[in-house]
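**Q** Below is my_file_1.cif; it holds mmCIF, C-alpha atoms.
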```cif
data_protein
#
loop_
_atom_site.label_atom_id
_atom_site.label_comp_id
_atom_site.auth_asym_id
_atom_site.auth_seq_id
_atom_site.Cartn_x
_atom_site.Cartn_y
_atom_site.Cartn_z
CA MET A 197 0.00 0.00 0.00
CA ALA A 198 1.31 3.45 -0.85
CA LEU A 199 2.61 5.47 2.06
CA ALA A 200 0.01 7.91 3.40
CA ASP A 201 0.51 11.65 2.94
CA SER A 202 1.05 12.22 6.65
CA ALA A 203 3.94 9.76 6.69
CA ARG A 204 5.82 11.06 3.65
CA GLY A 205 9.06 12.84 4.26
CA LEU A 206 9.88 10.98 7.45
CA PRO A 207 13.60 10.83 8.33
CA ASN A 208 15.20 7.83 6.62
CA GLY A 209 11.83 6.64 5.36
CA GLY A 210 10.37 6.35 8.88
CA GLY A 211 13.15 4.27 10.41
CA VAL A 212 15.47 5.00 13.30
CA SER A 213 17.82 7.91 12.65
CA PRO A 214 21.50 7.12 12.09
CA ALA A 215 22.50 9.12 15.14
CA ALA A 216 20.28 7.05 17.37
CA GLY A 217 21.69 3.75 16.14
CA PRO A 218 19.83 0.49 15.82
CA GLY A 219 19.80 -0.14 19.56
CA SER A 220 18.54 3.28 20.58
CA GLY A 221 15.00 4.55 21.04
CA PRO A 222 13.09 6.15 18.20
CA ALA A 223 14.23 9.54 17.06
CA GLY A 224 12.31 12.42 18.67
CA SER A 225 10.24 10.13 20.94
CA THR A 226 11.11 12.09 24.09
CA ALA A 227 10.03 15.39 22.49
CA PHE A 228 6.32 14.51 22.64
CA PRO A 229 4.30 15.02 25.83
CA GLU A 230 2.98 11.98 27.67
CA ILE A 231 -0.61 13.14 27.06
CA VAL A 232 -1.37 14.11 23.45
CA GLU A 233 -4.39 15.90 22.04
CA LEU A 234 -5.62 14.91 18.57
CA ASN A 235 -8.03 16.74 16.31
CA VAL A 236 -9.37 14.11 13.90
CA GLY A 237 -11.74 15.65 11.37
CA GLY A 238 -13.02 18.11 13.97
CA GLN A 239 -13.39 15.53 16.77
CA VAL A 240 -11.00 16.01 19.68
CA TYR A 241 -9.37 13.01 21.37
CA VAL A 242 -7.04 13.05 24.39
CA THR A 243 -4.93 9.95 24.98
CA ARG A 244 -1.48 8.79 26.04
CA ARG A 245 1.36 8.87 23.60
CA GLY A 246 2.03 5.21 24.39
CA THR A 247 -1.41 4.35 23.02
CA VAL A 248 -0.92 5.92 19.59
CA VAL A 249 2.49 4.23 19.17
CA SER A 250 1.38 0.84 20.46
CA VAL A 251 1.39 -0.78 16.98
CA ARG A 252 4.84 -0.64 15.44
CA ASP A 253 5.15 0.48 11.81
CA SER A 254 1.64 1.96 11.81
CA LEU A 255 1.07 5.49 10.56
CA LEU A 256 0.56 6.89 14.07
CA TRP A 257 3.68 5.08 15.28
CA ARG A 258 5.70 6.73 12.53
CA MET A 259 4.23 10.15 13.24
CA PHE A 260 4.72 10.12 17.00
CA SER A 261 8.01 8.24 17.22
CA GLN A 262 9.92 9.05 14.04
CA GLN A 263 9.09 12.76 13.68
CA GLN A 264 9.47 15.85 15.81
CA PRO A 265 6.35 17.62 17.13
CA GLY A 266 7.07 20.66 14.97
CA GLU A 267 6.89 18.54 11.81
CA LEU A 268 3.28 17.47 12.36
CA PRO A 269 0.28 19.59 11.33
CA ARG A 270 -1.66 21.28 14.12
CA ASP A 271 -4.97 23.11 14.44
CA SER A 272 -5.46 26.64 15.75
CA LYS A 273 -5.34 25.41 19.37
CA GLY A 274 -2.12 23.44 18.95
CA ARG A 275 -3.66 19.98 18.74
CA PHE A 276 -2.14 17.47 16.32
CA PHE A 277 -4.43 17.39 13.29
CA LEU A 278 -5.50 14.39 11.19
CA ASP A 279 -7.83 14.95 8.25
CA ARG A 280 -9.79 11.71 8.64
CA ASP A 281 -13.23 10.57 9.83
CA GLY A 282 -13.48 11.74 13.43
CA PHE A 283 -16.39 9.46 14.28
CA LEU A 284 -14.68 6.27 13.13
CA PHE A 285 -11.38 7.18 14.78
CA ARG A 286 -12.88 6.27 18.17
CA TYR A 287 -12.77 2.61 17.11
CA ILE A 288 -9.20 2.98 15.84
CA LEU A 289 -8.21 4.39 19.23
CA ASP A 290 -10.06 1.63 21.11
CA TYR A 291 -8.15 -0.96 19.10
CA LEU A 292 -4.81 0.71 19.85
CA ARG A 293 -5.52 0.57 23.60
CA ASP A 294 -5.84 -3.21 23.95
CA LEU A 295 -5.63 -4.60 20.39
CA GLN A 296 -9.22 -5.88 20.63
CA LEU A 297 -11.99 -5.21 18.10
CA VAL A 298 -15.33 -4.45 19.81
CA LEU A 299 -18.12 -2.93 17.69
CA PRO A 300 -21.73 -2.12 18.62
CA ASP A 301 -24.60 -4.23 17.36
CA HIS A 302 -26.00 -3.33 13.92
CA PHE A 303 -22.82 -1.40 13.08
CA PRO A 304 -23.30 -0.10 9.51
CA GLU A 305 -19.84 1.40 8.90
CA ARG A 306 -17.69 -1.73 8.85
CA SER A 307 -16.42 -1.20 5.30
CA ARG A 308 -15.54 2.42 5.99
CA LEU A 309 -13.79 1.44 9.22
CA GLN A 310 -11.76 -1.11 7.27
CA ARG A 311 -10.67 1.68 4.93
CA GLU A 312 -9.60 3.77 7.94
CA ALA A 313 -7.64 0.81 9.33
CA GLU A 314 -5.82 0.48 6.01
CA TYR A 315 -5.05 4.21 5.98
CA PHE A 316 -3.58 4.09 9.48
CA GLN A 317 -1.60 0.99 8.41
CA LEU A 318 -3.14 -1.43 10.89
CA PRO A 319 -3.16 -4.67 8.87
CA GLU A 320 -4.42 -6.92 11.68
CA LEU A 321 -7.43 -4.68 12.34
CA ALA A 322 -8.17 -4.48 8.60
CA ARG A 323 -7.99 -8.29 8.37
CA ARG A 324 -10.45 -8.77 11.25
CA LEU A 325 -12.88 -6.30 9.73
CA ALA A 326 -12.68 -8.04 6.36
CA GLN A 327 -13.36 -11.42 8.02
CA GLY A 328 -16.30 -9.96 9.90
CA ARG A 329 -17.82 -8.64 6.69
CA GLY A 330 -17.49 -12.06 5.06
CA ALA A 331 -19.12 -13.83 8.03
CA ALA A 332 -21.98 -11.34 8.14
CA GLY A 333 -22.72 -11.88 4.47
CA ALA A 334 -22.62 -15.71 4.53
CA GLY A 335 -26.03 -17.20 3.88
CA THR A 336 -27.77 -13.81 3.63
CA ARG A 337 -28.63 -11.32 0.95
CA PRO A 338 -25.96 -8.60 1.27
CA ALA A 339 -27.67 -6.10 -1.03
CA ALA A 340 -30.81 -6.01 1.09
CA LEU A 341 -28.81 -6.06 4.30
CA HIS A 342 -26.72 -3.05 3.38
CA ARG A 343 -29.52 -1.09 1.80
CA ASP A 344 -31.87 -1.45 4.76
CA GLY A 345 -29.46 -0.75 7.60
CA SER A 346 -28.74 -4.37 8.65
CA LEU A 347 -32.23 -4.79 10.10
CA CYS A 348 -33.91 -7.07 7.53
CA PRO A 349 -34.70 -10.70 8.49
CA ASP A 350 -32.83 -13.50 6.83
CA GLU A 351 -35.66 -14.15 4.37
CA PRO A 352 -36.74 -11.30 2.09
CA PRO A 353 -40.42 -10.40 1.70
CA PRO A 354 -42.26 -12.41 -0.96
CA PRO A 355 -42.69 -10.76 -4.35
CA LEU A 356 -45.96 -9.00 -4.99
CA GLY A 357 -48.59 -11.36 -6.35
CA SER A 358 -46.91 -14.55 -5.08
CA LEU A 359 -49.35 -15.11 -2.21
CA GLU A 360 -52.56 -16.04 -4.04
CA ALA A 361 -55.36 -17.93 -2.31
CA GLU A 362 -56.00 -21.47 -3.41
CA SER A 363 -59.20 -22.39 -5.20
CA PRO A 364 -62.18 -23.55 -3.07
CA GLU A 365 -61.68 -27.15 -4.23
CA GLY A 366 -58.09 -27.02 -2.94
CA GLY A 367 -56.69 -28.28 -6.20
CA GLY A 368 -55.76 -24.99 -7.77
CA ALA A 369 -52.08 -24.15 -7.89
CA ALA A 370 -50.77 -20.84 -6.67
CA SER A 371 -50.29 -18.31 -9.40
CA ALA A 372 -46.78 -17.59 -10.60
CA PRO A 373 -45.01 -14.79 -8.74
CA SER A 374 -44.79 -11.48 -10.48
CA PRO A 375 -41.33 -10.40 -11.66
CA PRO A 376 -39.30 -8.40 -9.16
CA SER A 377 -39.82 -4.66 -9.44
CA SER A 378 -37.03 -2.23 -10.20
CA ARG A 379 -35.34 0.12 -7.77
CA SER A 380 -37.10 3.33 -6.91
CA PRO A 381 -35.76 6.84 -7.67
CA SER A 382 -34.72 7.23 -4.02
CA GLY A 383 -32.38 4.23 -4.22
CA GLY A 384 -34.40 1.71 -2.19
CA PRO A 385 -36.53 -1.25 -3.29
CA LEU A 386 -39.86 -0.35 -4.88
CA LEU A 387 -42.50 -1.40 -2.34
CA THR A 388 -46.18 -0.69 -1.84
CA PRO A 389 -47.56 0.63 1.47
CA SER A 390 -48.77 -2.89 2.33
CA GLN A 391 -45.27 -4.37 2.03
CA SER A 392 -42.53 -3.06 4.30
CA LEU A 393 -38.82 -3.70 4.15
CA ASP A 394 -38.95 -6.33 6.89
CA GLY A 395 -41.85 -8.38 5.53
CA GLY A 396 -45.58 -7.84 5.45
CA ALA A 397 -46.89 -9.75 8.49
CA GLY A 398 -44.18 -9.04 11.05
CA ARG A 399 -43.28 -5.47 10.15
CA ARG A 400 -42.78 -2.95 12.92
CA SER A 401 -45.36 -0.28 13.50
CA GLY A 402 -44.40 3.12 14.82
CA TYR A 403 -43.75 6.77 14.12
CA ILE A 404 -40.91 8.69 12.47
CA THR A 405 -40.67 12.49 12.61
CA ILE A 406 -38.82 14.41 9.90
CA GLY A 407 -37.74 17.97 10.70
CA TYR A 408 -35.89 20.69 8.85
CA ARG A 409 -35.00 24.36 9.25
CA GLY A 410 -35.06 26.65 6.21
CA SER A 411 -34.66 30.35 5.55
CA TYR A 412 -35.17 32.80 2.72
CA THR A 413 -34.75 36.53 2.13
CA ILE A 414 -37.34 38.90 0.60
CA GLY A 415 -36.34 42.36 -0.66
CA ARG A 416 -38.25 45.60 -0.40
CA GLU A 417 -40.11 45.06 -3.66
CA ALA A 418 -42.82 42.48 -3.18
CA GLN A 419 -42.48 41.35 -6.81
CA ALA A 420 -38.78 40.57 -6.38
CA ASP A 421 -37.88 36.91 -6.34
CA ALA A 422 -37.22 35.48 -2.91
CA LYS A 423 -33.65 34.37 -2.31
CA PHE A 424 -34.00 30.85 -1.00
CA ARG A 425 -31.30 29.06 0.92
CA ARG A 426 -30.76 25.34 0.88
CA VAL A 427 -32.07 23.23 3.71
CA ALA A 428 -29.04 22.76 5.94
CA ARG A 429 -30.04 19.45 7.54
CA ILE A 430 -32.98 17.04 7.70
CA THR A 431 -33.34 15.50 11.16
CA VAL A 432 -34.85 12.10 11.94
CA CYS A 433 -36.54 11.30 15.26
CA GLY A 434 -37.99 7.96 16.31
CA LYS A 435 -37.05 4.38 17.13
CA THR A 436 -33.53 3.49 16.02
CA ALA A 437 -34.56 0.26 14.29
CA LEU A 438 -37.26 2.00 12.24
CA ALA A 439 -34.95 4.83 11.18
CA LYS A 440 -32.26 2.39 10.02
CA GLU A 441 -34.83 0.23 8.21
CA VAL A 442 -36.20 3.16 6.21
CA PHE A 443 -33.09 5.21 5.47
CA GLY A 444 -30.26 2.64 5.61
CA GLU A 445 -26.91 4.01 4.50
CA THR A 446 -28.34 7.50 3.93
CA LEU A 447 -28.76 7.90 7.71
CA ASN A 448 -25.98 9.78 9.53
CA GLU A 449 -25.57 8.28 13.01
CA SER A 450 -22.44 10.18 14.06
CA ARG A 451 -24.21 12.14 16.81
CA ASP A 452 -25.72 9.00 18.40
CA PRO A 453 -23.65 6.05 17.11
CA ASP A 454 -24.28 3.30 19.69
CA ARG A 455 -28.01 3.59 20.23
CA PRO A 456 -29.65 0.12 20.66
CA PRO A 457 -32.30 -0.82 18.05
CA GLU A 458 -35.29 -0.61 20.42
CA ARG A 459 -34.32 2.78 21.92
CA TYR A 460 -35.47 6.15 20.63
CA THR A 461 -33.29 8.97 19.33
CA ALA A 462 -33.69 12.57 18.20
CA ARG A 463 -30.10 13.02 17.01
CA TYR A 464 -30.02 11.32 13.61
CA TYR A 465 -30.00 13.28 10.37
CA LEU A 466 -29.89 12.43 6.68
CA LYS A 467 -26.95 12.58 4.30
CA PHE A 468 -29.06 14.32 1.64
CA ASN A 469 -31.01 17.61 1.67
CA PHE A 470 -34.10 16.79 -0.40
CA LEU A 471 -37.35 16.39 1.51
CA GLU A 472 -39.00 14.59 -1.39
CA GLN A 473 -36.31 11.91 -1.28
CA ALA A 474 -37.04 11.33 2.41
CA PHE A 475 -40.79 11.21 1.68
CA ASP A 476 -40.22 8.65 -1.09
CA ARG A 477 -38.32 6.32 1.20
CA LEU A 478 -40.95 6.60 3.93
CA SER A 479 -43.74 5.90 1.44
CA GLU A 480 -41.93 2.87 0.03
CA ALA A 481 -41.56 1.50 3.56
CA GLY A 482 -45.31 1.73 4.15
CA PHE A 483 -45.42 4.98 6.14
CA ARG A 484 -48.05 7.67 5.63
CA MET A 485 -48.05 11.27 6.80
CA ALA A 486 -50.15 11.76 9.95
CA ALA A 487 -49.48 15.40 10.85
CA CYS A 488 -47.21 18.37 10.24
CA SER A 489 -46.48 21.69 11.92
CA SER A 490 -44.36 24.73 11.20
CA THR A 491 -43.19 27.89 12.96
CA GLY A 492 -41.53 30.97 11.50
CA THR A 493 -39.72 34.12 12.55
CA CYS A 494 -38.72 37.29 10.71
CA ALA A 495 -35.67 39.48 11.18
CA PHE A 496 -34.35 42.49 9.29
CA ALA A 497 -31.30 41.73 7.21
CA PRO A 498 -29.06 44.48 8.71
CA GLU A 499 -29.10 42.54 11.98
CA GLN A 500 -27.67 39.61 10.02
CA GLY A 501 -25.21 41.71 8.00
CA GLY A 502 -27.41 41.97 4.89
CA PRO A 503 -29.02 44.83 2.90
CA ALA A 504 -31.03 47.36 4.90
CA ASP A 505 -34.37 46.71 3.21
CA ASP A 506 -34.29 42.93 3.18
CA LYS A 507 -36.11 40.65 5.59
CA ILE A 508 -34.90 37.19 6.52
CA TRP A 509 -37.59 34.62 7.26
CA THR A 510 -36.64 31.47 9.14
CA SER A 511 -38.96 28.50 9.58
CA TYR A 512 -38.82 25.13 11.32
CA THR A 513 -41.11 22.39 10.03
CA GLU A 514 -41.83 18.85 11.26
CA TYR A 515 -43.65 16.02 9.45
CA VAL A 516 -44.95 13.04 11.44
CA PHE A 517 -45.19 9.72 9.59
CA CYS A 518 -46.76 6.54 10.96
CA ARG A 519 -47.05 2.90 9.97
CA ASP A 520 -49.80 0.74 11.44
#
```
Could you spell out this file's structure in structure tokens?

**A**
Amino acid sequence: MALADSARGLPNGGGVSPAAGPGSGPAGSTAFPEIVELNVGGQVYVTRRGTVVSVRDSLLWRMFSQQQPGELPRDSKGRFFLDRDGFLFRYILDYLRDLQLVLPDHFPERSRLQREAEYFQLPELARRLAQGRGAAGAGTRPAALHRDGSLCPDEPPPPLGSLEAESPEGGGAASAPSPPSSRSPSGGPLLTPSQSLDGGAGRRSGYITIGYRGSYTIGREAQADAKFRRVARITVCGKTALAKEVFGETLNESRDPDRPPERYTARYYLKFNFLEQAFDRLSEAGFRMAACSSTGTCAFAPEQGGPADDKIWTSYTEYVFCRD
């Protein structure tokens, strides 16, 4: 694997410096403090230096044993900076502490974590993650598992039209199943409201609330076009299992990563900014809209640094969806 950007330019290719000699300690190891602060993609971690250098020849070992502190990038507060996924780094750090791999149930980011392990040059961790992915996919349908957030049962729902009643005499054969439908525009399987992602008879009932905050600016002239701003974030509130079933890989769980399936959360949000896409996925999973509400406020633009005659309207809207 090619050497990562953070490890390029190390003295003698990352080995022990000539002055230190083969029997000496790593060059510059005593220059680092015992407690180091790391800024990984905006997430701050505080740990011992011995933890980050616990795996020899890894990227962190090279950075914190073969380089001087002044050679490493830092943020505005002096923390050592790594431009990687801050949420997944917690599992990298846990592995470095005791060389054990412990992941929460229904963990959807295994492939991305494997990529992070390869970046940090932790081959044993990458191998365990690859083995875990293979075991999880044995005897199952990986496409449905990944698309639906690892919450589908082992057997997929029957195709539409395959469950036909027998004739009154009992001799009639069941009609042939209809051909599988294509994928929907939102990326999920094309389902009717009577067929959910986890099967028709045993599907979970419950509520999911979708919320978003939007704003737009209107000038002095009423006929002027309003200057709309993009929706910054679409939030998802409800039971964890339902949210993962409906939105799958499009669900961002970084603010509440270890929530058990039967617990509720109000901290998830979506990786896309189109309300219609969220509505499509909910409809395909058998949900219907039950209620909605919205509030709005108005402020003059000069208070926000804008033109004197402009008004900025801000609204917060929630849509409640249910499945019986």

**Q** Set the distance at 9 Å and use only C-alpha atoms: which residues neighbour stretch 242-249 of chain A once local chain neighbours fewer than 5 positions away are removed? I'd like the list as a list in words.

**A**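 Those residues are Phe228, Pro229, Glu230, Ile231, Val232, Glu233, Leu234, Asn235, Ser254, Leu255, Leu256, Trp257, Arg258, Met259, Phe260, Ser261, Leu289, Leu292, Arg293 and Asp294 of chain A.
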
**Q** Between atom CA of A:Gly407 and atom CA of A:Thr431, measure the distance and give it in Å to one decimal.

**A** 5.1 Å

**Q** Using atom CA of A:Arg519 and atom CA of A:Phe475 as the two end points, give the distance in Å to one decimal.

**A**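 Computed distance, atom CA of A:Arg519 to atom CA of A:Phe475, equals 13.3 Å.
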
**Q** Taking all atoms listed in the file into account, name the residue in A:Ala227, A:Leu284, A:Leu297, A:Cys433 that is nearest to A:Arg311.

**A**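 Using all atoms listed in the file, the shortest distance to A:Arg311 belongs to A:Leu284.
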
**Q** Using atom CA of A:Gln310 and atom CA of A:Leu447 as the two end points, give the distance in Å to one decimal.

**A**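 Going from atom CA of A:Gln310 over to atom CA of A:Leu447, I get 19.2 Å.
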
**Q** Select, from A:Thr405, A:Ser250, A:Gln296, A:Ser272, the residue with the minimum atom-to-atom distance to A:Met485, counting all atoms listed in the file.

**A**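 Of all the options, A:Thr405 lies closest to A:Met485.
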
**Q** Give me, as a PyMOL selection string, all polymer residues having an atom no more than 12 Å from stretch 305-308 of chain A, counting only C-alpha atoms and skipping those fewer than 6 positions away in the same chain.

**A** chain A and resi 280-281+283-285+287-288+297-299+314-315+321-330+332+342+345-346+444-450+453-454

**Q** Save out the residues we just selected, C-alpha atoms, as a PDB file, keeping the file's coordinate frame.

**A**
```
ATOM      1  CA  ARG A 280      -9.790  11.710   8.640  1.00  0.00           C
ATOM      2  CA  ASP A 281     -13.230  10.570   9.830  1.00  0.00           C
ATOM      3  CA  PHE A 283     -16.390   9.460  14.280  1.00  0.00           C
ATOM      4  CA  LEU A 284     -14.680   6.270  13.130  1.00  0.00           C
ATOM      5  CA  PHE A 285     -11.380   7.180  14.780  1.00  0.00           C
ATOM      6  CA  TYR A 287     -12.770   2.610  17.110  1.00  0.00           C
ATOM      7  CA  ILE A 288      -9.200   2.980  15.840  1.00  0.00           C
ATOM      8  CA  LEU A 297     -11.990  -5.210  18.100  1.00  0.00           C
ATOM      9  CA  VAL A 298     -15.330  -4.450  19.810  1.00  0.00           C
ATOM     10  CA  LEU A 299     -18.120  -2.930  17.690  1.00  0.00           C
ATOM     11  CA  GLU A 314      -5.820   0.480   6.010  1.00  0.00           C
ATOM     12  CA  TYR A 315      -5.050   4.210   5.980  1.00  0.00           C
ATOM     13  CA  LEU A 321      -7.430  -4.680  12.340  1.00  0.00           C
ATOM     14  CA  ALA A 322      -8.170  -4.480   8.600  1.00  0.00           C
ATOM     15  CA  ARG A 323      -7.990  -8.290   8.370  1.00  0.00           C
ATOM     16  CA  ARG A 324     -10.450  -8.770  11.250  1.00  0.00           C
ATOM     17  CA  LEU A 325     -12.880  -6.300   9.730  1.00  0.00           C
ATOM     18  CA  ALA A 326     -12.680  -8.040   6.360  1.00  0.00           C
ATOM     19  CA  GLN A 327     -13.360 -11.420   8.020  1.00  0.00           C
ATOM     20  CA  GLY A 328     -16.300  -9.960   9.900  1.00  0.00           C
ATOM     21  CA  ARG A 329     -17.820  -8.640   6.690  1.00  0.00           C
ATOM     22  CA  GLY A 330     -17.490 -12.060   5.060  1.00  0.00           C
ATOM     23  CA  ALA A 332     -21.980 -11.340   8.140  1.00  0.00           C
ATOM     24  CA  HIS A 342     -26.720  -3.050   3.380  1.00  0.00           C
ATOM     25  CA  GLY A 345     -29.460  -0.750   7.600  1.00  0.00           C
ATOM     26  CA  SER A 346     -28.740  -4.370   8.650  1.00  0.00           C
ATOM     27  CA  GLY A 444     -30.260   2.640   5.610  1.00  0.00           C
ATOM     28  CA  GLU A 445     -26.910   4.010   4.500  1.00  0.00           C
ATOM     29  CA  THR A 446     -28.340   7.500   3.930  1.00  0.00           C
ATOM     30  CA  LEU A 447     -28.760   7.900   7.710  1.00  0.00           C
ATOM     31  CA  ASN A 448     -25.980   9.780   9.530  1.00  0.00           C
ATOM     32  CA  GLU A 449     -25.570   8.280  13.010  1.00  0.00           C
ATOM     33  CA  SER A 450     -22.440  10.180  14.060  1.00  0.00           C
ATOM     34  CA  PRO A 453     -23.650   6.050  17.110  1.00  0.00           C
ATOM     35  CA  ASP A 454     -24.280   3.300  19.690  1.00  0.00           C
TER      36      ASP A 454
END
```

**Q** Write out as a list of chain:residue names each polymer residue whose atoms come within 10 Å of A:Thr491, counting all atoms listed in the file; drop sequence neighbours fewer than 3 positions from it.

**A**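 Non-adjacent residues within range: A:Arg409, A:Thr510, A:Ser511, A:Tyr512, A:Thr513, A:Glu514.
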